[in-house]
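Student: Following this line is data.cif, made up of mmCIF, N, CA and C atoms and all ligand atoms:
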data_structure
loop_
_atom_site.group_PDB
_atom_site.id
_atom_site.type_symbol
_atom_site.label_atom_id
_atom_site.label_comp_id
_atom_site.auth_asym_id
_atom_site.auth_seq_id
_atom_site.Cartn_x
_atom_site.Cartn_y
_atom_site.Cartn_z
ATOM 1 N N MET X 2 0.834 -1.205 0.000
ATOM 2 C CA MET X 2 0.000 0.000 0.000
ATOM 3 C C MET X 2 0.862 1.247 0.000
ATOM 4 N N GLN X 3 0.537 2.174 -0.852
ATOM 5 C CA GLN X 3 1.293 3.421 -0.929
ATOM 6 C C GLN X 3 0.838 4.407 0.141
ATOM 7 N N CYS X 4 1.765 5.233 0.554
ATOM 8 C CA CYS X 4 1.439 6.266 1.530
ATOM 9 C C CYS X 4 1.029 7.524 0.781
ATOM 10 N N ASP X 5 -0.244 7.602 0.418
ATOM 11 C CA ASP X 5 -0.671 8.801 -0.303
ATOM 12 C C ASP X 5 -0.926 9.942 0.677
ATOM 13 N N LEU X 6 -1.149 11.105 0.138
ATOM 14 C CA LEU X 6 -1.305 12.295 0.976
ATOM 15 C C LEU X 6 -2.485 12.168 1.927
ATOM 16 N N GLU X 7 -3.523 11.524 1.426
ATOM 17 C CA GLU X 7 -4.728 11.398 2.231
ATOM 18 C C GLU X 7 -4.472 10.534 3.467
ATOM 19 N N THR X 8 -3.740 9.401 3.259
ATOM 20 C CA THR X 8 -3.408 8.530 4.370
ATOM 21 C C THR X 8 -2.420 9.219 5.292
ATOM 22 N N HIS X 9 -1.475 9.915 4.681
ATOM 23 C CA HIS X 9 -0.449 10.604 5.449
ATOM 24 C C HIS X 9 -1.084 11.601 6.414
ATOM 25 N N PHE X 10 -2.107 12.253 5.951
ATOM 26 C CA PHE X 10 -2.813 13.256 6.739
ATOM 27 C C PHE X 10 -3.347 12.661 8.040
ATOM 28 N N SER X 11 -3.675 11.363 7.977
ATOM 29 C CA SER X 11 -4.275 10.725 9.144
ATOM 30 C C SER X 11 -3.330 10.742 10.347
ATOM 31 N N LEU X 12 -2.032 10.816 10.096
ATOM 32 C CA LEU X 12 -1.073 10.868 11.195
ATOM 33 C C LEU X 12 -1.329 12.074 12.088
ATOM 34 N N ASN X 13 -1.844 13.111 11.477
ATOM 35 C CA ASN X 13 -2.092 14.336 12.238
ATOM 36 C C ASN X 13 -3.538 14.440 12.702
ATOM 37 N N MET X 14 -4.270 13.335 12.573
ATOM 38 C CA MET X 14 -5.663 13.355 13.003
ATOM 39 C C MET X 14 -5.742 13.488 14.517
ATOM 40 N N ASP X 15 -6.716 14.211 14.960
ATOM 41 C CA ASP X 15 -6.942 14.378 16.386
ATOM 42 C C ASP X 15 -7.543 13.103 16.964
ATOM 43 N N LYS X 16 -6.840 12.475 17.894
ATOM 44 C CA LYS X 16 -7.348 11.240 18.501
ATOM 45 C C LYS X 16 -7.679 11.429 19.979
ATOM 46 N N SER X 17 -7.739 12.654 20.419
ATOM 47 C CA SER X 17 -8.019 12.916 21.827
ATOM 48 C C SER X 17 -9.422 12.450 22.213
ATOM 49 N N TRP X 18 -10.295 12.305 21.204
ATOM 50 C CA TRP X 18 -11.677 11.880 21.462
ATOM 51 C C TRP X 18 -11.727 10.468 22.032
ATOM 52 N N ILE X 19 -10.672 9.657 21.776
ATOM 53 C CA ILE X 19 -10.667 8.254 22.206
ATOM 54 C C ILE X 19 -10.890 8.154 23.722
ATOM 55 N N THR X 20 -10.367 9.107 24.459
ATOM 56 C CA THR X 20 -10.474 9.044 25.916
ATOM 57 C C THR X 20 -11.655 9.852 26.452
ATOM 58 N N LYS X 21 -12.429 10.443 25.543
ATOM 59 C CA LYS X 21 -13.565 11.254 26.002
ATOM 60 C C LYS X 21 -14.789 10.391 26.293
ATOM 61 N N ALA X 22 -15.755 10.994 26.941
ATOM 62 C CA ALA X 22 -16.983 10.268 27.287
ATOM 63 C C ALA X 22 -17.691 9.806 26.020
ATOM 64 N N LYS X 23 -18.213 8.550 26.066
ATOM 65 C CA LYS X 23 -18.806 7.933 24.876
ATOM 66 C C LYS X 23 -20.012 8.701 24.345
ATOM 67 N N TRP X 24 -20.681 9.430 25.232
ATOM 68 C CA TRP X 24 -21.880 10.149 24.800
ATOM 69 C C TRP X 24 -21.562 11.585 24.358
ATOM 70 N N SER X 25 -20.269 11.961 24.440
ATOM 71 C CA SER X 25 -19.941 13.339 24.069
ATOM 72 C C SER X 25 -19.936 13.501 22.555
ATOM 73 N N ARG X 26 -20.167 14.726 22.144
ATOM 74 C CA ARG X 26 -20.210 15.055 20.717
ATOM 75 C C ARG X 26 -18.854 14.763 20.066
ATOM 76 N N ASP X 27 -17.759 15.100 20.778
ATOM 77 C CA ASP X 27 -16.411 14.873 20.254
ATOM 78 C C ASP X 27 -16.173 13.393 19.982
ATOM 79 N N TYR X 28 -16.639 12.560 20.916
ATOM 80 C CA TYR X 28 -16.419 11.117 20.767
ATOM 81 C C TYR X 28 -17.175 10.574 19.555
ATOM 82 N N VAL X 29 -18.438 10.944 19.444
ATOM 83 C CA VAL X 29 -19.254 10.456 18.323
ATOM 84 C C VAL X 29 -18.683 10.944 16.997
ATOM 85 N N ASN X 30 -18.251 12.200 16.946
ATOM 86 C CA ASN X 30 -17.618 12.717 15.733
ATOM 87 C C ASN X 30 -16.344 11.940 15.416
ATOM 88 N N GLY X 31 -15.565 11.647 16.465
ATOM 89 C CA GLY X 31 -14.326 10.902 16.302
ATOM 90 C C GLY X 31 -14.575 9.511 15.748
ATOM 91 N N VAL X 32 -15.615 8.853 16.258
ATOM 92 C CA VAL X 32 -15.965 7.515 15.771
ATOM 93 C C VAL X 32 -16.319 7.589 14.284
ATOM 94 N N ASN X 33 -17.087 8.596 13.910
ATOM 95 C CA ASN X 33 -17.449 8.747 12.496
ATOM 96 C C ASN X 33 -16.217 8.954 11.627
ATOM 97 N N ASN X 34 -15.271 9.769 12.105
ATOM 98 C CA ASN X 34 -14.027 9.987 11.366
ATOM 99 C C ASN X 34 -13.225 8.696 11.246
ATOM 100 N N PHE X 35 -13.193 7.934 12.339
ATOM 101 C CA PHE X 35 -12.450 6.681 12.328
ATOM 102 C C PHE X 35 -13.039 5.705 11.309
ATOM 103 N N ILE X 36 -14.376 5.582 11.313
ATOM 104 C CA ILE X 36 -15.052 4.667 10.395
ATOM 105 C C ILE X 36 -14.734 5.057 8.953
ATOM 106 N N GLU X 37 -14.753 6.364 8.693
ATOM 107 C CA GLU X 37 -14.461 6.843 7.347
ATOM 108 C C GLU X 37 -13.021 6.500 6.962
ATOM 109 N N PHE X 38 -12.099 6.718 7.901
ATOM 110 C CA PHE X 38 -10.688 6.404 7.658
ATOM 111 C C PHE X 38 -10.490 4.905 7.471
ATOM 112 N N ALA X 39 -11.075 4.112 8.386
ATOM 113 C CA ALA X 39 -10.854 2.670 8.389
ATOM 114 C C ALA X 39 -11.532 1.988 7.214
ATOM 115 N N SER X 40 -12.542 2.628 6.634
ATOM 116 C CA SER X 40 -13.264 1.995 5.523
ATOM 117 C C SER X 40 -12.341 1.773 4.339
ATOM 118 N N ARG X 41 -11.194 2.475 4.300
ATOM 119 C CA ARG X 41 -10.231 2.277 3.209
ATOM 120 C C ARG X 41 -9.445 0.985 3.383
ATOM 121 N N SER X 42 -9.473 0.419 4.608
ATOM 122 C CA SER X 42 -8.706 -0.813 4.821
ATOM 123 C C SER X 42 -9.643 -2.021 4.979
ATOM 124 N N LYS X 43 -10.824 -1.925 4.402
ATOM 125 C CA LYS X 43 -11.775 -3.041 4.451
ATOM 126 C C LYS X 43 -11.193 -4.296 3.809
ATOM 127 N N ASN X 44 -11.570 -5.466 4.327
ATOM 128 C CA ASN X 44 -11.152 -6.710 3.665
ATOM 129 C C ASN X 44 -12.137 -7.049 2.559
ATOM 130 N N LEU X 45 -11.954 -8.219 1.947
ATOM 131 C CA LEU X 45 -12.776 -8.573 0.791
ATOM 132 C C LEU X 45 -14.260 -8.676 1.133
ATOM 133 N N SER X 46 -14.561 -8.977 2.390
ATOM 134 C CA SER X 46 -15.970 -9.051 2.804
ATOM 135 C C SER X 46 -16.509 -7.687 3.214
ATOM 136 N N GLY X 47 -15.703 -6.646 3.043
ATOM 137 C CA GLY X 47 -16.149 -5.311 3.414
ATOM 138 C C GLY X 47 -16.108 -5.068 4.907
ATOM 139 N N LYS X 48 -15.286 -5.860 5.616
ATOM 140 C CA LYS X 48 -15.223 -5.722 7.070
ATOM 141 C C LYS X 48 -13.866 -5.174 7.514
ATOM 142 N N ILE X 49 -13.846 -4.599 8.713
ATOM 143 C CA ILE X 49 -12.591 -4.088 9.281
ATOM 144 C C ILE X 49 -12.421 -4.663 10.688
ATOM 145 N N LEU X 50 -11.189 -4.621 11.197
ATOM 146 C CA LEU X 50 -10.940 -5.062 12.566
ATOM 147 C C LEU X 50 -11.602 -4.083 13.517
ATOM 148 N N CYS X 51 -12.247 -4.631 14.539
ATOM 149 C CA CYS X 51 -12.953 -3.768 15.484
ATOM 150 C C CYS X 51 -12.014 -3.386 16.628
ATOM 151 N N PRO X 52 -11.726 -2.079 16.799
ATOM 152 C CA PRO X 52 -10.820 -1.638 17.850
ATOM 153 C C PRO X 52 -11.534 -1.251 19.146
ATOM 154 N N CYS X 53 -12.697 -1.863 19.414
ATOM 155 C CA CYS X 53 -13.410 -1.530 20.646
ATOM 156 C C CYS X 53 -12.756 -2.242 21.827
ATOM 157 N N LYS X 54 -13.186 -1.914 23.029
ATOM 158 C CA LYS X 54 -12.585 -2.467 24.251
ATOM 159 C C LYS X 54 -12.745 -3.978 24.347
ATOM 160 N N SER X 55 -13.816 -4.553 23.769
ATOM 161 C CA SER X 55 -14.011 -6.004 23.863
ATOM 162 C C SER X 55 -13.286 -6.745 22.747
ATOM 163 N N CYS X 56 -13.301 -6.212 21.545
ATOM 164 C CA CYS X 56 -12.710 -6.938 20.410
ATOM 165 C C CYS X 56 -11.195 -6.713 20.319
ATOM 166 N N ILE X 57 -10.720 -5.505 20.625
ATOM 167 C CA ILE X 57 -9.295 -5.147 20.585
ATOM 168 C C ILE X 57 -8.613 -5.671 19.307
ATOM 169 N N ASN X 58 -9.212 -5.348 18.165
ATOM 170 C CA ASN X 58 -8.624 -5.707 16.869
ATOM 171 C C ASN X 58 -8.484 -7.209 16.643
ATOM 172 N N ARG X 59 -9.316 -8.011 17.314
ATOM 173 C CA ARG X 59 -9.229 -9.461 17.108
ATOM 174 C C ARG X 59 -10.275 -9.966 16.118
ATOM 175 N N TYR X 60 -11.343 -9.185 15.903
ATOM 176 C CA TYR X 60 -12.438 -9.657 15.060
ATOM 177 C C TYR X 60 -12.755 -8.670 13.952
ATOM 178 N N PHE X 61 -13.055 -9.235 12.779
ATOM 179 C CA PHE X 61 -13.506 -8.413 11.657
ATOM 180 C C PHE X 61 -15.018 -8.243 11.735
ATOM 181 N N LEU X 62 -15.452 -7.002 11.681
ATOM 182 C CA LEU X 62 -16.883 -6.705 11.720
ATOM 183 C C LEU X 62 -17.219 -5.710 10.617
ATOM 184 N N SER X 63 -18.513 -5.610 10.305
ATOM 185 C CA SER X 63 -18.938 -4.615 9.323
ATOM 186 C C SER X 63 -18.767 -3.219 9.916
ATOM 187 N N LEU X 64 -18.702 -2.224 9.039
ATOM 188 C CA LEU X 64 -18.515 -0.845 9.500
ATOM 189 C C LEU X 64 -19.607 -0.448 10.489
ATOM 190 N N LYS X 65 -20.819 -0.887 10.203
ATOM 191 C CA LYS X 65 -21.939 -0.545 11.081
ATOM 192 C C LYS X 65 -21.752 -1.161 12.468
ATOM 193 N N ASP X 66 -21.331 -2.444 12.501
ATOM 194 C CA ASP X 66 -21.135 -3.115 13.788
ATOM 195 C C ASP X 66 -19.979 -2.481 14.573
ATOM 196 N N VAL X 67 -18.907 -2.122 13.855
ATOM 197 C CA VAL X 67 -17.771 -1.491 14.527
ATOM 198 C C VAL X 67 -18.222 -0.170 15.159
ATOM 199 N N LYS X 68 -19.006 0.569 14.403
ATOM 200 C CA LYS X 68 -19.510 1.845 14.919
ATOM 201 C C LYS X 68 -20.361 1.607 16.177
ATOM 202 N N ASP X 69 -21.233 0.621 16.106
ATOM 203 C CA ASP X 69 -22.073 0.283 17.266
ATOM 204 C C ASP X 69 -21.211 -0.088 18.471
ATOM 205 N N HIS X 70 -20.170 -0.898 18.238
ATOM 206 C CA HIS X 70 -19.280 -1.316 19.330
ATOM 207 C C HIS X 70 -18.566 -0.109 19.936
ATOM 208 N N LEU X 71 -18.065 0.772 19.066
ATOM 209 C CA LEU X 71 -17.298 1.912 19.571
ATOM 210 C C LEU X 71 -18.179 2.843 20.397
ATOM 211 N N ILE X 72 -19.449 2.968 19.970
ATOM 212 C CA ILE X 72 -20.367 3.840 20.709
ATOM 213 C C ILE X 72 -20.807 3.172 22.013
ATOM 214 N N SER X 73 -21.061 1.848 21.969
ATOM 215 C CA SER X 73 -21.615 1.186 23.157
ATOM 216 C C SER X 73 -20.537 0.678 24.124
ATOM 217 N N LYS X 74 -19.409 0.195 23.595
ATOM 218 C CA LYS X 74 -18.374 -0.383 24.468
ATOM 219 C C LYS X 74 -17.208 0.566 24.719
ATOM 220 N N GLY X 75 -16.912 1.428 23.737
ATOM 221 C CA GLY X 75 -15.790 2.339 23.877
ATOM 222 C C GLY X 75 -14.606 1.893 23.048
ATOM 223 N N PHE X 76 -13.740 2.849 22.730
ATOM 224 C CA PHE X 76 -12.554 2.590 21.925
ATOM 225 C C PHE X 76 -11.469 2.012 22.821
ATOM 226 N N PHE X 77 -10.736 0.999 22.331
ATOM 227 C CA PHE X 77 -9.613 0.447 23.097
ATOM 228 C C PHE X 77 -8.562 1.549 23.260
ATOM 229 N N PRO X 78 -8.321 2.023 24.498
ATOM 230 C CA PRO X 78 -7.513 3.229 24.699
ATOM 231 C C PRO X 78 -6.046 3.086 24.298
ATOM 232 N N GLY X 79 -5.515 1.850 24.248
ATOM 233 C CA GLY X 79 -4.111 1.681 23.886
ATOM 234 C C GLY X 79 -3.848 1.773 22.398
ATOM 235 N N TYR X 80 -4.906 1.838 21.607
ATOM 236 C CA TYR X 80 -4.750 1.822 20.155
ATOM 237 C C TYR X 80 -4.634 3.243 19.620
ATOM 238 N N VAL X 81 -3.451 3.833 19.799
ATOM 239 C CA VAL X 81 -3.283 5.233 19.419
ATOM 240 C C VAL X 81 -2.719 5.391 18.013
ATOM 241 N N VAL X 82 -1.984 4.373 17.544
ATOM 242 C CA VAL X 82 -1.533 4.378 16.145
ATOM 243 C C VAL X 82 -2.351 3.330 15.419
ATOM 244 N N TRP X 83 -3.098 3.759 14.434
ATOM 245 C CA TRP X 83 -4.051 2.866 13.775
ATOM 246 C C TRP X 83 -3.357 2.006 12.736
ATOM 247 N N ASN X 84 -2.345 1.251 13.188
ATOM 248 C CA ASN X 84 -1.553 0.461 12.237
ATOM 249 C C ASN X 84 -2.356 -0.669 11.612
ATOM 250 N N ARG X 85 -3.438 -1.089 12.264
ATOM 251 C CA ARG X 85 -4.281 -2.131 11.677
ATOM 252 C C ARG X 85 -5.300 -1.549 10.710
ATOM 253 N N HIS X 86 -5.327 -0.261 10.610
ATOM 254 C CA HIS X 86 -6.308 0.384 9.744
ATOM 255 C C HIS X 86 -5.653 1.342 8.758
ATOM 256 N N GLY X 87 -4.378 1.049 8.404
ATOM 257 C CA GLY X 87 -3.780 1.807 7.291
ATOM 258 C C GLY X 87 -2.713 2.815 7.653
ATOM 259 N N GLU X 88 -2.378 2.949 8.938
ATOM 260 C CA GLU X 88 -1.391 3.975 9.284
ATOM 261 C C GLU X 88 0.051 3.482 9.245
ATOM 262 N N GLU X 89 0.264 2.189 9.346
ATOM 263 C CA GLU X 89 1.591 1.616 9.549
ATOM 264 C C GLU X 89 2.629 2.093 8.541
ATOM 265 N N HIS X 90 2.287 2.030 7.269
ATOM 266 C CA HIS X 90 3.253 2.333 6.225
ATOM 267 C C HIS X 90 3.743 3.767 6.311
ATOM 268 N N CYS X 91 2.863 4.641 6.715
ATOM 269 C CA CYS X 91 3.249 6.042 6.807
ATOM 270 C C CYS X 91 4.175 6.283 7.988
ATOM 271 N N ILE X 92 3.982 5.532 9.056
ATOM 272 C CA ILE X 92 4.864 5.658 10.217
ATOM 273 C C ILE X 92 6.275 5.257 9.807
ATOM 274 N N ILE X 93 6.371 4.123 9.070
ATOM 275 C CA ILE X 93 7.673 3.663 8.599
ATOM 276 C C ILE X 93 8.301 4.730 7.704
ATOM 277 N N ASP X 94 7.499 5.295 6.837
ATOM 278 C CA ASP X 94 7.999 6.359 5.968
ATOM 279 C C ASP X 94 8.529 7.530 6.770
ATOM 280 N N GLU X 95 7.823 7.875 7.833
ATOM 281 C CA GLU X 95 8.259 8.983 8.688
ATOM 282 C C GLU X 95 9.649 8.714 9.242
ATOM 283 N N TYR X 96 9.866 7.485 9.729
ATOM 284 C CA TYR X 96 11.176 7.139 10.276
ATOM 285 C C TYR X 96 12.239 7.227 9.193
ATOM 286 N N ALA X 97 11.908 6.739 8.017
ATOM 287 C CA ALA X 97 12.850 6.770 6.898
ATOM 288 C C ALA X 97 13.236 8.202 6.583
ATOM 289 N N ILE X 98 12.257 9.083 6.590
ATOM 290 C CA ILE X 98 12.515 10.496 6.302
ATOM 291 C C ILE X 98 13.427 11.084 7.386
ATOM 292 N N ASN X 99 13.143 10.750 8.649
ATOM 293 C CA ASN X 99 13.969 11.258 9.754
ATOM 294 C C ASN X 99 15.408 10.768 9.653
ATOM 295 N N ASP X 100 15.577 9.465 9.345
ATOM 296 C CA ASP X 100 16.911 8.914 9.208
ATOM 297 C C ASP X 100 17.685 9.615 8.097
ATOM 298 N N ALA X 101 17.006 9.831 7.006
ATOM 299 C CA ALA X 101 17.644 10.471 5.858
ATOM 300 C C ALA X 101 18.072 11.886 6.205
ATOM 301 N N SER X 102 17.225 12.623 6.928
ATOM 302 C CA SER X 102 17.552 14.019 7.223
ATOM 303 C C SER X 102 18.667 14.105 8.262
ATOM 304 N N ARG X 103 18.757 13.072 9.134
ATOM 305 C CA ARG X 103 19.813 13.070 10.146
ATOM 306 C C ARG X 103 21.195 12.955 9.501
ATOM 307 N N GLY X 104 21.237 12.198 8.394
ATOM 308 C CA GLY X 104 22.517 11.950 7.746
ATOM 309 C C GLY X 104 22.919 13.055 6.768
ATOM 310 N N THR X 105 22.052 14.045 6.617
ATOM 311 C CA THR X 105 22.353 15.109 5.655
ATOM 312 C C THR X 105 23.164 16.235 6.308
ATOM 313 N N PRO X 106 24.371 16.499 5.823
ATOM 314 C CA PRO X 106 25.155 17.595 6.416
ATOM 315 C C PRO X 106 24.540 18.944 6.073
ATOM 316 N N LYS X 107 24.565 19.850 7.041
ATOM 317 C CA LYS X 107 23.980 21.174 6.801
ATOM 318 C C LYS X 107 25.060 22.222 6.575
HETATM 319 ZN ZN ZN Q 1 -15.898 -4.605 18.876
#
Please render this file's structure as structure tokens.
Ligand SMILES: [Zn+2]
Tutor:
Amino acid sequence: MQCDLETHFSLNMDKSWITKAKWSRDYVNGVNNFIEFASRSKNLSGKILCPCKSCINRYFLSLKDVKDHLISKGFFPGYVVWNRHGEEHCIIDEYAINDASRGTPK
């Protein structure tokens, strides 16, 4: 998977909502943003790993079910880098960029 600008942008996404109250507007908005982001990493059945507190990325569910889980059970708080939902490659790219710039004489 290529690290396009759209995916790259996700690194700067606000994830502070993950720790907010499940009924708060910020949390619900955050869940909607996550579903939209994660929908790009759907498997062949159109499902994604559910990052809720009960599933913790162990089960593939439909976008609707994941949304229901996140609203009713809450987001797994340790999942701050969405590497199971498309962020991994960009993180690696970031390190590569940092390594390259470190070796460049100024
Ligand atoms: Zn779940």
Student: Return as a ChimeraX atom specification every polymer residue, whether protein, DNA or RNA, with at least one atom no more than 5 Å from an atom of ligand ZN 1 (chain Q); count all atoms listed in the file.
Tutor: /X:51,53,56,70
Student: Which one of X:Asn58, X:Asn84, X:Asn33, X:Asn44 sits closest to Ile72 of chain X if you count only C-alpha atoms?
Tutor: X:Asn33
Student: Excluding Pro78 of chain X and residues on its chain fewer than 3 positions from it, collect all residues at most 6.5 Å away from it, counting all atoms listed in the file, and give them as a PyMOL selection string.
Tutor: chain X and resi 19+54+75+81
Student: Kindly indicate which residue among X:Arg26, X:Arg85, X:Lys21, X:Lys16 lies nearest to Ile49 of chain X, using only N, CA and C atoms for the distances.
Tutor: X:Arg85
Student: With only C-alpha atoms as the basis for distance, which of X:Tyr28, X:Phe77, X:Ser17, X:Arg41 is at the shortest distance from Arg59 of chain X?
Tutor: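 Ranking X:Tyr28, X:Phe77, X:Ser17, X:Arg41 by distance to Arg59 of chain X, first place goes to X:Phe77.
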Student: Find, counting only N, CA and C atoms, the residue in X:Asn34, X:Leu71, X:Asp15, X:Lys65 that gets nearest to Pro52 of chain X.
Tutor: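 The answer is X:Leu71, which sits nearest to Pro52 of chain X.
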Student: How big is the axis-aligned box around all listed atoms of segment 17-27 of chain X once 8 Å goes on each side, and where's its centre, in Å to one decimal, as lines of an AutoDock Vina configuration file?
Tutor:
center_x = -14.8
center_y = 11.5
center_z = 23.6
size_x = 30.1
size_y = 23.2
size_z = 23.3
Student: What gap, in Å, lies between atom C of Ser46 of chain X and atom N of Asn30 of chain X?
Tutor: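 Atom-to-atom, atom C of Ser46 of chain X to atom N of Asn30 of chain X, that is 24.2 Å.
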Student: Mind the document's chain letters and residue numbers, and return as a ChimeraX atom specification the residues of segment 28-90 of chain X that DSSP labels alpha helix (DSSP H).
Tutor: /X:28-39,64-73,89-90
Student: What gap, in Å, lies between atom CA of Gly47 of chain X and atom CA of Thr20 of chain X?
Tutor: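 Here the two named atoms are 27.3 Å from each other.
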Student: What's the separation between atom N of Ser55 of chain X and atom CA of Phe76 of chain X, in Å to one decimal place?
Tutor: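 Computing the Euclidean distance for atom N of Ser55 of chain X and atom CA of Phe76 of chain X yields 7.5 Å.
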